[in-house]
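structure_28.txt follows (compact mmCIF, C-alpha atoms and all ligand atoms):
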# COMPACT_ATOMS: atom_id res chain seq x y z
CA MET A 752 -11.11 -7.82 16.43
CA ILE A 753 -9.44 -9.99 13.81
CA GLU A 754 -6.57 -12.13 14.99
CA ALA A 755 -4.24 -14.14 12.77
CA VAL A 756 -1.68 -16.49 14.30
CA GLY A 757 0.91 -18.26 12.17
CA LEU A 758 -1.42 -17.98 9.18
CA THR A 759 -0.05 -19.87 6.18
CA LYS A 760 -1.54 -20.79 2.81
CA SER A 761 0.05 -22.89 0.10
CA TYR A 762 -1.30 -23.69 -3.33
CA GLY A 763 0.65 -26.74 -4.39
CA SER A 764 4.32 -25.75 -4.22
CA LYS A 765 3.44 -22.02 -4.11
CA THR A 766 3.28 -20.45 -0.65
CA ALA A 767 1.03 -17.42 -0.95
CA VAL A 768 1.02 -16.50 2.76
CA TYR A 769 3.59 -17.60 5.30
CA ASN A 770 3.37 -17.49 9.09
CA LEU A 771 1.41 -14.23 9.39
CA THR A 772 0.66 -13.11 12.92
CA PHE A 773 -1.19 -9.84 13.43
CA GLY A 774 -4.26 -8.30 15.04
CA VAL A 775 -6.77 -5.83 13.61
CA GLN A 776 -8.31 -3.62 16.31
CA PRO A 777 -11.81 -2.16 16.47
CA GLY A 778 -12.27 1.62 16.26
CA LYS A 779 -9.49 2.01 13.72
CA VAL A 780 -8.97 1.81 9.99
CA THR A 781 -6.19 -0.70 9.44
CA GLY A 782 -4.53 -0.53 6.03
CA PHE A 783 -3.28 -3.79 4.54
CA LEU A 784 -0.50 -3.04 2.09
CA GLY A 785 1.75 -5.03 -0.17
CA PRO A 786 2.85 -5.28 -3.80
CA ASN A 787 0.98 -7.37 -6.39
CA GLY A 788 0.89 -11.00 -5.38
CA ALA A 789 1.96 -10.28 -1.79
CA GLY A 790 -0.90 -12.35 -0.41
CA LYS A 791 -3.43 -9.70 0.64
CA SER A 792 -6.46 -11.25 -1.07
CA THR A 793 -5.48 -14.73 0.06
CA THR A 794 -5.30 -13.49 3.65
CA MET A 795 -8.69 -11.81 3.34
CA ARG A 796 -10.22 -14.95 1.88
CA MET A 797 -8.90 -16.96 4.82
CA ILE A 798 -10.32 -14.43 7.28
CA LEU A 799 -13.70 -14.87 5.57
CA GLY A 800 -13.56 -18.65 5.56
CA LEU A 801 -13.42 -18.77 1.74
CA ASP A 802 -10.01 -20.45 1.82
CA GLN A 803 -8.79 -22.92 4.42
CA PRO A 804 -5.38 -22.09 5.97
CA SER A 805 -2.66 -24.67 5.37
CA ALA A 806 -1.41 -23.85 8.87
CA GLY A 807 -2.20 -21.37 11.64
CA THR A 808 -5.51 -19.79 12.53
CA VAL A 809 -7.48 -16.64 11.94
CA THR A 810 -10.45 -15.63 14.06
CA ILE A 811 -12.99 -12.82 14.25
CA GLY A 812 -14.08 -12.03 17.79
CA GLY A 813 -12.50 -15.30 18.87
CA TYR A 814 -14.23 -17.53 16.28
CA PRO A 815 -13.16 -18.79 12.88
CA TYR A 816 -15.53 -17.18 10.36
CA ARG A 817 -17.34 -20.44 9.61
CA GLN A 818 -18.18 -20.89 13.28
CA LEU A 819 -19.52 -17.37 13.80
CA PRO A 820 -23.18 -17.35 14.73
CA ASN A 821 -25.01 -15.35 12.02
CA ALA A 822 -21.81 -14.31 10.27
CA PRO A 823 -23.41 -11.89 7.72
CA ARG A 824 -24.71 -9.77 10.60
CA GLN A 825 -21.25 -9.60 12.15
CA VAL A 826 -18.88 -9.38 9.20
CA GLY A 827 -19.28 -7.54 5.89
CA ALA A 828 -16.83 -7.69 3.02
CA LEU A 829 -16.14 -6.32 -0.42
CA LEU A 830 -13.68 -8.63 -2.16
CA ASP A 831 -14.70 -8.34 -5.79
CA ALA A 832 -17.06 -5.63 -7.00
CA ASN A 833 -17.85 -7.73 -10.10
CA ALA A 834 -19.26 -10.58 -8.07
CA LYS A 835 -22.90 -9.83 -8.85
CA HIS A 836 -25.58 -10.84 -11.29
CA GLY A 837 -25.47 -8.07 -13.90
CA GLY A 838 -29.04 -8.73 -15.00
CA ARG A 839 -30.42 -7.80 -11.59
CA THR A 840 -31.13 -4.27 -10.50
CA ALA A 841 -29.09 -2.85 -7.64
CA ARG A 842 -32.10 -3.15 -5.33
CA ALA A 843 -32.87 -6.74 -6.40
CA HIS A 844 -29.21 -7.73 -5.89
CA LEU A 845 -29.21 -6.39 -2.35
CA LEU A 846 -32.68 -7.75 -1.61
CA CYS A 847 -31.52 -11.20 -2.59
CA LEU A 848 -28.50 -10.97 -0.28
CA ALA A 849 -30.68 -9.61 2.53
CA GLN A 850 -33.15 -12.47 2.24
CA LEU A 851 -30.36 -15.06 2.29
CA SER A 852 -29.04 -13.58 5.53
CA GLY A 853 -32.33 -12.86 7.29
CA ILE A 854 -31.85 -9.10 7.02
CA PRO A 855 -35.04 -7.00 6.86
CA ALA A 856 -35.83 -5.65 3.36
CA ARG A 857 -36.03 -2.04 4.58
CA ARG A 858 -32.29 -2.16 5.22
CA VAL A 859 -31.74 -2.35 1.44
CA ASP A 860 -32.96 1.21 0.85
CA GLU A 861 -30.98 2.43 3.85
CA VAL A 862 -27.68 1.11 2.46
CA LEU A 863 -28.50 2.30 -1.06
CA GLY A 864 -28.79 5.76 0.48
CA VAL A 865 -25.54 5.38 2.43
CA VAL A 866 -23.60 4.62 -0.77
CA GLY A 867 -25.47 7.18 -2.88
CA LEU A 868 -27.10 4.72 -5.31
CA GLN A 869 -30.73 5.49 -4.40
CA ASP A 870 -31.40 7.14 -7.78
CA VAL A 871 -30.21 4.12 -9.78
CA ALA A 872 -31.61 1.45 -7.46
CA GLY A 873 -33.95 0.22 -10.22
CA LYS A 874 -31.22 -0.02 -12.90
CA ARG A 875 -29.53 -3.27 -13.91
CA SER A 876 -26.01 -3.41 -12.47
CA LYS A 877 -24.45 -4.57 -15.75
CA GLY A 878 -24.72 -0.99 -16.96
CA PHE A 879 -22.93 0.37 -13.90
CA SER A 880 -19.59 2.15 -14.11
CA LEU A 881 -16.62 0.82 -12.11
CA GLY A 882 -17.31 3.34 -9.36
CA MET A 883 -21.00 2.47 -9.16
CA GLY A 884 -20.09 -1.21 -8.98
CA GLN A 885 -17.73 -0.48 -6.07
CA ARG A 886 -20.50 1.44 -4.30
CA LEU A 887 -22.91 -1.47 -4.79
CA GLY A 888 -20.28 -3.83 -3.36
CA MET A 889 -19.94 -1.54 -0.34
CA ALA A 890 -23.71 -1.49 0.10
CA ALA A 891 -23.67 -5.29 0.18
CA ALA A 892 -20.90 -5.24 2.80
CA LEU A 893 -22.89 -2.83 4.98
CA LEU A 894 -26.19 -4.68 4.64
CA GLY A 895 -26.00 -6.57 7.94
CA ASP A 896 -24.76 -3.48 9.83
CA PRO A 897 -21.66 -5.52 10.80
CA GLN A 898 -19.06 -4.63 13.39
CA VAL A 899 -16.22 -6.01 11.26
CA LEU A 900 -15.66 -4.86 7.68
CA LEU A 901 -13.13 -6.00 5.10
CA PHE A 902 -12.53 -4.15 1.86
CA ASP A 903 -10.16 -5.46 -0.82
CA GLU A 904 -8.93 -2.54 -2.95
CA PRO A 905 -12.10 -0.46 -2.50
CA VAL A 906 -10.74 2.57 -4.35
CA ASN A 907 -9.71 0.61 -7.45
CA GLY A 908 -10.78 2.57 -10.49
CA LEU A 909 -12.53 5.33 -8.54
CA ASP A 910 -12.28 9.00 -9.50
CA PRO A 911 -10.96 11.52 -6.93
CA GLU A 912 -14.44 12.22 -5.61
CA GLY A 913 -15.12 8.50 -5.21
CA ILE A 914 -11.78 8.04 -3.43
CA LEU A 915 -12.63 10.83 -1.01
CA TRP A 916 -16.04 9.31 -0.41
CA VAL A 917 -14.52 5.89 0.39
CA ARG A 918 -12.00 7.54 2.69
CA ASN A 919 -14.73 9.34 4.63
CA LEU A 920 -16.88 6.22 4.81
CA MET A 921 -14.00 4.14 6.23
CA ARG A 922 -13.21 6.79 8.79
CA ARG A 923 -16.84 7.07 9.82
CA LEU A 924 -17.23 3.31 10.21
CA ALA A 925 -14.12 3.17 12.40
CA ALA A 926 -15.31 6.16 14.44
CA GLU A 927 -18.45 4.15 15.18
CA GLY A 928 -16.19 1.58 16.85
CA ARG A 929 -16.12 -0.94 14.00
CA THR A 930 -13.11 -2.96 12.88
CA VAL A 931 -12.18 -1.78 9.38
CA PHE A 932 -9.54 -3.72 7.42
CA VAL A 933 -8.71 -2.30 3.98
CA SER A 934 -6.23 -3.61 1.46
CA SER A 935 -4.54 -1.30 -1.00
CA HIS A 936 -1.42 -0.73 -3.08
CA LEU A 937 -1.64 2.98 -2.53
CA MET A 938 0.51 4.14 0.34
CA SER A 939 -0.41 7.76 -0.18
CA GLU A 940 -4.12 6.96 0.05
CA MET A 941 -3.67 4.75 3.10
CA ALA A 942 -1.61 7.43 4.81
CA GLN A 943 -4.70 9.62 4.72
CA THR A 944 -7.26 6.94 5.55
CA ALA A 945 -5.68 4.46 7.94
CA ASP A 946 -4.71 4.69 11.61
CA HIS A 947 -2.61 1.55 11.50
CA LEU A 948 -0.70 -0.33 8.80
CA ILE A 949 0.07 -3.95 8.20
CA VAL A 950 2.54 -4.39 5.35
CA ILE A 951 3.29 -7.75 3.76
CA GLY A 952 5.69 -8.79 1.01
CA ARG A 953 5.77 -12.23 -0.60
CA GLY A 954 3.34 -13.50 1.98
CA GLN A 955 5.39 -12.45 5.00
CA LEU A 956 4.87 -9.70 7.54
CA MET A 957 7.13 -6.69 6.93
CA ALA A 958 5.67 -4.08 9.28
CA ASP A 959 2.82 -3.73 11.77
CA LEU A 960 2.69 -0.21 13.19
CA PRO A 961 0.61 2.96 13.57
CA VAL A 962 0.61 5.23 10.51
CA ARG A 963 2.06 8.12 12.52
CA ASP A 964 5.09 5.96 13.42
CA PHE A 965 5.48 4.96 9.80
CA ILE A 966 5.47 8.62 8.83
CA ARG A 967 7.91 9.59 11.57
CA GLN A 968 10.34 6.80 10.85
CA ASN A 969 10.23 6.81 7.06
CA SER A 970 9.98 10.40 5.93
CA THR A 971 13.44 11.82 5.55
CA ASP A 972 13.74 15.57 5.61
CA PHE A 973 15.93 17.02 2.91
CA ALA A 974 16.70 20.34 1.28
CA ARG A 975 16.62 21.24 -2.38
CA VAL A 976 19.37 23.60 -3.38
CA ARG A 977 19.87 25.18 -6.77
CA THR A 978 22.76 27.20 -8.09
CA PRO A 979 22.37 29.41 -11.19
CA ASP A 980 21.65 27.27 -14.27
CA GLY A 981 24.68 26.67 -16.46
CA GLU A 982 27.22 27.82 -13.84
CA THR A 983 28.81 24.41 -13.34
CA GLU A 984 31.72 25.74 -11.33
CA GLN A 985 29.42 27.28 -8.71
CA ARG A 986 27.55 24.02 -8.45
CA GLU A 987 30.72 21.97 -8.00
CA THR A 988 32.05 24.37 -5.37
CA LEU A 989 28.83 24.03 -3.42
CA VAL A 990 28.77 20.23 -3.70
CA LYS A 991 32.33 20.17 -2.33
CA ALA A 992 31.41 22.42 0.59
CA LEU A 993 28.28 20.43 1.43
CA THR A 994 29.83 16.97 1.22
CA GLY A 995 32.81 18.32 3.18
CA ALA A 996 30.39 19.23 5.97
CA GLY A 997 29.01 15.67 6.00
CA ALA A 998 25.92 16.02 3.81
CA GLN A 999 24.65 13.47 1.33
CA VAL A 1000 24.24 15.35 -1.93
CA THR A 1001 22.36 13.86 -4.86
CA PRO A 1002 21.67 15.53 -8.20
CA GLU A 1003 18.00 16.00 -9.11
CA PRO A 1004 16.83 15.58 -12.73
CA ASP A 1005 16.13 19.31 -13.08
CA GLY A 1006 19.66 20.31 -12.10
CA ALA A 1007 18.96 21.06 -8.43
CA LEU A 1008 20.72 19.24 -5.59
CA LYS A 1009 19.04 17.11 -2.94
CA VAL A 1010 20.83 17.57 0.36
CA ILE A 1011 20.33 15.23 3.32
CA GLY A 1012 21.94 15.69 6.70
CA LEU A 1013 22.27 19.47 7.03
CA GLU A 1014 19.83 22.09 8.33
CA LEU A 1015 18.82 24.89 5.97
CA PRO A 1016 20.71 27.67 7.85
CA ARG A 1017 23.89 25.59 7.73
CA ILE A 1018 23.50 25.05 3.97
CA SER A 1019 22.98 28.77 3.54
CA ASP A 1020 26.13 29.55 5.58
CA LEU A 1021 28.19 27.04 3.59
CA ALA A 1022 27.00 28.57 0.32
CA HIS A 1023 27.91 32.03 1.59
CA GLU A 1024 31.35 30.93 2.85
CA SER A 1025 32.15 29.21 -0.46
CA GLY A 1026 31.02 32.23 -2.45
CA THR A 1027 28.17 30.36 -4.16
CA ARG A 1028 24.99 32.10 -5.29
CA LEU A 1029 21.72 30.22 -4.72
CA TRP A 1030 18.60 30.29 -6.83
CA GLU A 1031 16.73 27.94 -4.51
CA LEU A 1032 16.98 26.65 -0.95
CA SER A 1033 13.83 24.90 0.20
CA PRO A 1034 12.80 22.29 2.79
CA HIS A 1035 11.22 19.00 1.66
CA GLN A 1036 10.04 15.68 3.00
CA ALA A 1037 10.39 12.37 1.16
CA SER A 1038 6.95 11.06 0.28
CA LEU A 1039 5.48 8.09 2.07
CA GLU A 1040 4.96 6.49 -1.31
CA GLU A 1041 8.72 6.58 -1.76
CA ALA A 1042 9.31 5.09 1.69
CA TYR A 1043 6.82 2.31 1.00
CA MET A 1044 8.43 1.58 -2.37
CA ARG A 1045 11.81 1.33 -0.71
CA MET A 1046 10.40 -0.94 1.98
CA THR A 1047 8.80 -3.35 -0.45
CA GLN A 1048 11.34 -3.18 -3.27
CA GLY A 1049 12.84 -6.54 -2.31
CA ALA A 1050 9.41 -8.14 -2.25
CA VAL A 1051 8.09 -7.22 -5.68
CA ASP A 1052 7.26 -10.24 -7.83
CA TYR A 1053 6.46 -8.51 -11.09
CA ARG A 1054 8.89 -5.97 -12.44
CA SER A 1055 9.35 -4.57 -15.91
CA THR A 1056 12.52 -5.86 -17.55
CA SER A 1057 13.05 -2.91 -19.87
CA ASP A 1058 12.59 0.76 -20.43
CA GLN A 1059 9.06 1.24 -21.73
CA ARG A 1060 10.47 3.27 -24.62
CA SER A 1061 12.56 0.39 -25.92
CA GLY A 1062 11.06 -1.09 -29.04
CA LEU A 1063 9.62 2.25 -30.03
CA GLY A 1064 12.89 3.27 -31.65
CA GLN A 1065 13.09 6.42 -29.54
CA SER A 1066 15.96 7.61 -27.43
CA PRO A 1067 15.33 9.11 -24.03
CA PRO A 1068 14.57 12.85 -24.27
CA ALA A 1069 17.53 15.21 -24.19
CA PRO A 1070 17.89 17.37 -21.08
CA ALA A 1071 15.83 20.54 -21.27
CA PRO A 1072 17.80 23.60 -22.38
CA GLY A 1073 19.46 25.24 -19.42
CA THR A 1074 19.49 22.15 -17.24
CA VAL A 1075 22.78 20.79 -16.09
CA PRO A 1076 23.50 17.19 -17.04
CA VAL A 1077 23.73 15.35 -13.75
CA PRO A 1078 25.36 12.11 -12.76
CA PRO A 1079 22.95 9.59 -11.31
CA GLN A 1080 24.76 8.76 -8.06
CA PRO A 1081 25.14 10.79 -4.84
CA TYR A 1082 28.28 12.88 -4.65
CA ALA A 1083 30.68 11.51 -2.07
CA GLN A 1084 33.82 13.63 -1.97
CA GLN A 1085 33.82 13.29 1.80
CA PRO A 1086 32.56 10.49 3.99
CA PHE A 1087 29.17 11.23 5.42
CA ALA A 1088 26.66 9.47 7.59
CA ALA A 1089 24.08 8.26 5.11
CA PRO A 1090 20.61 7.56 6.43
CA PRO A 1091 19.69 3.90 6.71
CA GLN A 1092 18.69 2.57 3.30
CA PRO A 1093 16.42 -0.42 3.25
CA ALA A 1094 17.62 -3.12 0.93
CA ALA A 1095 16.34 -6.41 -0.31
CA GLN A 1096 17.03 -8.89 2.46
CA PRO A 1097 17.51 -12.60 2.25
CA PRO A 1098 14.93 -14.64 4.11
CA GLY A 1099 15.72 -14.78 7.79
CA ALA A 1100 17.33 -11.36 7.88
CA THR A 1101 15.88 -8.50 9.87
CA LEU A 1102 14.54 -5.91 7.48
CA ALA A 1103 16.56 -2.72 7.88
CA LEU A 1104 13.71 -0.37 7.28
CA GLY A 1105 14.00 2.20 10.00
CA VAL A 1106 10.48 1.20 10.98
CA GLN A 1107 9.33 -1.02 13.74
CA ALA A 1108 9.81 -3.79 11.27
CA VAL A 1109 9.15 -7.39 11.94
CA PRO A 1110 12.00 -9.86 11.43
CA ALA A 1111 11.31 -11.76 8.25
CA GLN A 1112 11.27 -15.36 9.27
CA ALA A 1113 12.83 -18.01 7.15
CA PRO A 1114 10.37 -20.53 5.85
CA PRO A 1115 11.07 -24.17 6.64
CA ALA A 1116 14.16 -25.64 4.99
CA ALA A 1117 12.05 -27.61 2.56
CA PRO A 1118 9.49 -25.81 0.39
CA PRO A 1119 7.15 -23.92 0.82
CA ASN A 1120 9.26 -20.99 -0.19
CA PRO A 1121 7.44 -17.66 -0.30
CA THR A 1122 10.50 -15.86 -1.62
CA THR A 1123 10.54 -17.44 -5.06
CA ALA A 1124 11.69 -14.72 -7.42
CA THR A 1125 9.98 -15.95 -10.56
CA PRO A 1126 6.39 -14.89 -11.12
CA SER A 1127 4.01 -17.74 -10.42
CA THR A 1128 2.22 -19.41 -13.27
CA GLU A 1129 0.18 -21.48 -10.89
CA ASP A 1130 -2.71 -19.17 -10.25
CA ALA A 1131 -5.58 -21.58 -10.49
CA ARG A 1132 -8.24 -18.89 -10.25
N1 LIG B 1201 -6.17 -20.15 -6.04
C1 LIG B 1201 -4.90 -19.96 -6.25
N2 LIG B 1201 -4.14 -20.92 -6.84
C2 LIG B 1201 -2.82 -20.75 -7.04
N3 LIG B 1201 -2.13 -19.64 -6.68
C3 LIG B 1201 -2.82 -18.67 -6.08
C4 LIG B 1201 -4.23 -18.76 -5.84
N4 LIG B 1201 -4.62 -17.61 -5.22
C5 LIG B 1201 -3.52 -16.85 -5.10
N5 LIG B 1201 -2.45 -17.47 -5.61
C6 LIG B 1201 -1.08 -16.95 -5.66
O1 LIG B 1201 -0.75 -16.50 -4.38
C7 LIG B 1201 -0.02 -15.30 -4.43
C8 LIG B 1201 -0.73 -14.23 -3.62
O2 LIG B 1201 -1.89 -13.82 -4.34
P1 LIG B 1201 -2.92 -12.74 -3.79
O3 LIG B 1201 -3.98 -12.60 -4.81
O4 LIG B 1201 -3.32 -13.12 -2.42
O5 LIG B 1201 -2.00 -11.44 -3.72
P2 LIG B 1201 -2.44 -9.93 -3.57
O6 LIG B 1201 -1.50 -9.32 -2.60
O7 LIG B 1201 -3.89 -9.84 -3.26
O8 LIG B 1201 -2.15 -9.40 -5.03
P3 LIG B 1201 -2.82 -8.17 -5.83
O9 LIG B 1201 -2.43 -6.94 -5.10
O10 LIG B 1201 -2.19 -8.28 -7.17
O11 LIG B 1201 -4.31 -8.42 -5.85
C9 LIG B 1201 0.13 -14.95 -5.90
O12 LIG B 1201 1.38 -15.43 -6.34
C10 LIG B 1201 -0.98 -15.72 -6.56
O13 LIG B 1201 -0.65 -16.06 -7.87
Show this structure as structure tokens.
Amino acid sequence: MIEAVGLTKSYGSKTAVYNLTFGVQPGKVTGFLGPNGAGKSTTMRMILGLDQPSAGTVTIGGYPYRQLPNAPRQVGALLDANAKHGGRTARAHLLCLAQLSGIPARRVDEVLGVVGLQDVAGKRSKGFSLGMGQRLGMAAALLGDPQVLLFDEPVNGLDPEGILWVRNLMRRLAAEGRTVFVSSHLMSEMAQTADHLIVIGRGQLMADLPVRDFIRQNSTDFARVRTPDGETEQRETLVKALTGAGAQVTPEPDGALKVIGLELPRISDLAHESGTRLWELSPHQASLEEAYMRMTQGAVDYRSTSDQRSGLGQSPPAPAPGTVPVPPQPYAQQPFAAPPQPAAQPPGATLALGVQAVPAQAPPAAPPNPTTATPSTEDAR
């Protein structure tokens, strides 16, 4: 079990992590999510004793990492797959690590087999692909057969097969009763791999909840409805009928309508009563990726300032023939009960996320201030 209490880390005037309190349980995969610069790696480094907290504590099985007896046998980590001597073979790299930690040499071939690198064990790692490097990093993490495992972005750069392999490995390690803590940006991947999620933004805790609760609370059901292409009047009649019945109706880029707040049979009845023909009426669920993006949108440090096409002298593409030009905002002829929309919150506000969200706590009146909006230029790494 990993336990962080009031964990805080400042680099000069920059607060990378502020007052984080959470626990990571054994027997589960716990996903650690947050946008770029949210503080995930900093937190992991503090867990592993590589960085000293400015305040608060973090322990593994009740001990700070540096006080763990025989730490490499208890905790394994993959923080940076490039952290290896490229001139050494995969086997020599692992052998070296094993010797430093008093791990028997025979374990090296075992872990090479676990990660599927047995056939290239004698090759120098500088010639390895990104995926092979990640596998070697995992082998190093598994070397001491530890009960606690930390992986920082383990699927970075992996192909779909590699991603599936990592997913299965994580699940297997957790099923063996180990504590598995995995950072990622990829909500969709974590939704399939993790049992529990810890989400941070700008160094502060945003959510700490089981994945199934995240799914239940953040996936909004909606219907897609489509009237015959080009028949604008039919479309407007239907929008009026739907909003009049309390639905939130938003145009989709392809000319369909996204309808929230009404069951499919009711939409069908309203279309019939208003004399509208339908080309499509289908049930949908908002993706978790979308829910995660909404949750963290107020905590993103690095955001593009312009359309990526600007500067190329190109205008946005014209609508495809047959599609109906659509306004960007929801239709609102009639008042309707909109679902709760998370918004960027000032520090100290409770995040209105529809999840079992954690109140964002205001940092002390004086700096450190983890909510600085400008990207940091202080990264000393
Ligand atoms: N050694 C350091 N010196 C100064 N600033 C640092 C240092 N390490 C991290 N930071 C800053 O702390 C913040 C958190 O960084 P961190 O790498 O922990 O985020 P992250 O969530 O892991 O980001 P990413 O997903 O991009 O890897 C960033 O603003 C970063 O620039």
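In this comparison, which uses only C-alpha atoms, the residue of A:Val899, A:Leu801, A:Leu863, A:Ala856 approaching Gln825 in chain A most closely is A:Val899.
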- Query: At what distance in Å, to one decimal, does CA of Thr781 in chain A lie from CA of Thr971 in chain A?
  - Reply: 23.6 Å
- Task: Using only C-alpha atoms, find the one residue out of A:Gly853, A:Gly952, A:Pro1034, A:Gly882 that sits nearest to Gly788 in chain A.
- Result: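 Using only C-alpha atoms, the shortest distance to Gly788 in chain A belongs to A:Gly952.
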- Message: Residues within 9 Å of range 910-918 of chain A, please, as a ChimeraX atom specification. Count all atoms listed in the file; anything in the same chain fewer than 6 positions from it doesn't count.
- Response: /A:866,882,886,940-941,943-945
- Message: Residues within 6 Å of Thr840 in chain A, please, as a ChimeraX atom specification. Count all atoms listed in the file; anything in the same chain fewer than 2 positions from it doesn't count.
- Response: /A:842-843,873-876
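Using only C-alpha atoms for every distance, the candidate list A:Val933, A:Leu887, A:Leu993, A:Ala849 yields A:Val933 as the residue closest to Glu904 in chain A.
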- Using all atoms listed in the file, can you list as a list in words the residues within 9 Å of (-7.9, -5.6, 4.8)?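 The distance filter leaves exactly Val775, Thr781, Gly782, Phe783, Leu784, Lys791, Ser792, Thr794, Met795, Leu900, Leu901, Phe902, Asp903, Glu904, Val931, Phe932, Val933, Ser934, Ser935 and Ile949 of chain A.
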- Among the residues A:Leu956, A:Ala998, A:Leu1032, A:Leu845, the one that comes closest to Asn770 in chain A [using all atoms listed in the file]: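 Of A:Leu956, A:Ala998, A:Leu1032, A:Leu845, the one nearest Asn770 in chain A, counting all atoms listed in the file, is A:Leu956.
Distance annotation: of A:Gln869, A:Lys1009, A:Glu861, A:Asp831, the residue with the minimal separation from Gly884 in chain A is A:Asp831; atom set is all atoms listed in the file.
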- Which one is closest to ligand LIG 1201 (chain B): A:Gly867, A:Leu924, A:Ser880, A:Leu937? Count only C-alpha atoms and all ligand atoms.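 Result for the nearest residue to ligand LIG 1201 (chain B): A:Leu937.
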Report, as AutoDock Vina command-line options, the centre and edge lengths in Å (one decimal) of the axis-aligned box enclosing every listed atom of range 944-957 of chain A, padded by 8 Å on each side.
--center_x -0.1 --center_y -3.3 --center_z 5.5 --size_x 30.4 --size_y 36.4 --size_z 28.2
- Task: Would you kindly return, as a PyMOL selection string, each protein, DNA or RNA residue with an atom no farther than 12 Å from any atom of Ala974 in chain A, considering all atoms listed in the file and excluding same-chain residues fewer than 2 positions away?
- Result: chain A and resi 971-972+976-977+993+998-1003+1007-1019+1031-1037
- Query: Between CA of Thr766 in chain A and atom C2 of ligand LIG 1201 (chain B), what is the spacing in Å?
  - Reply: 8.8 Å
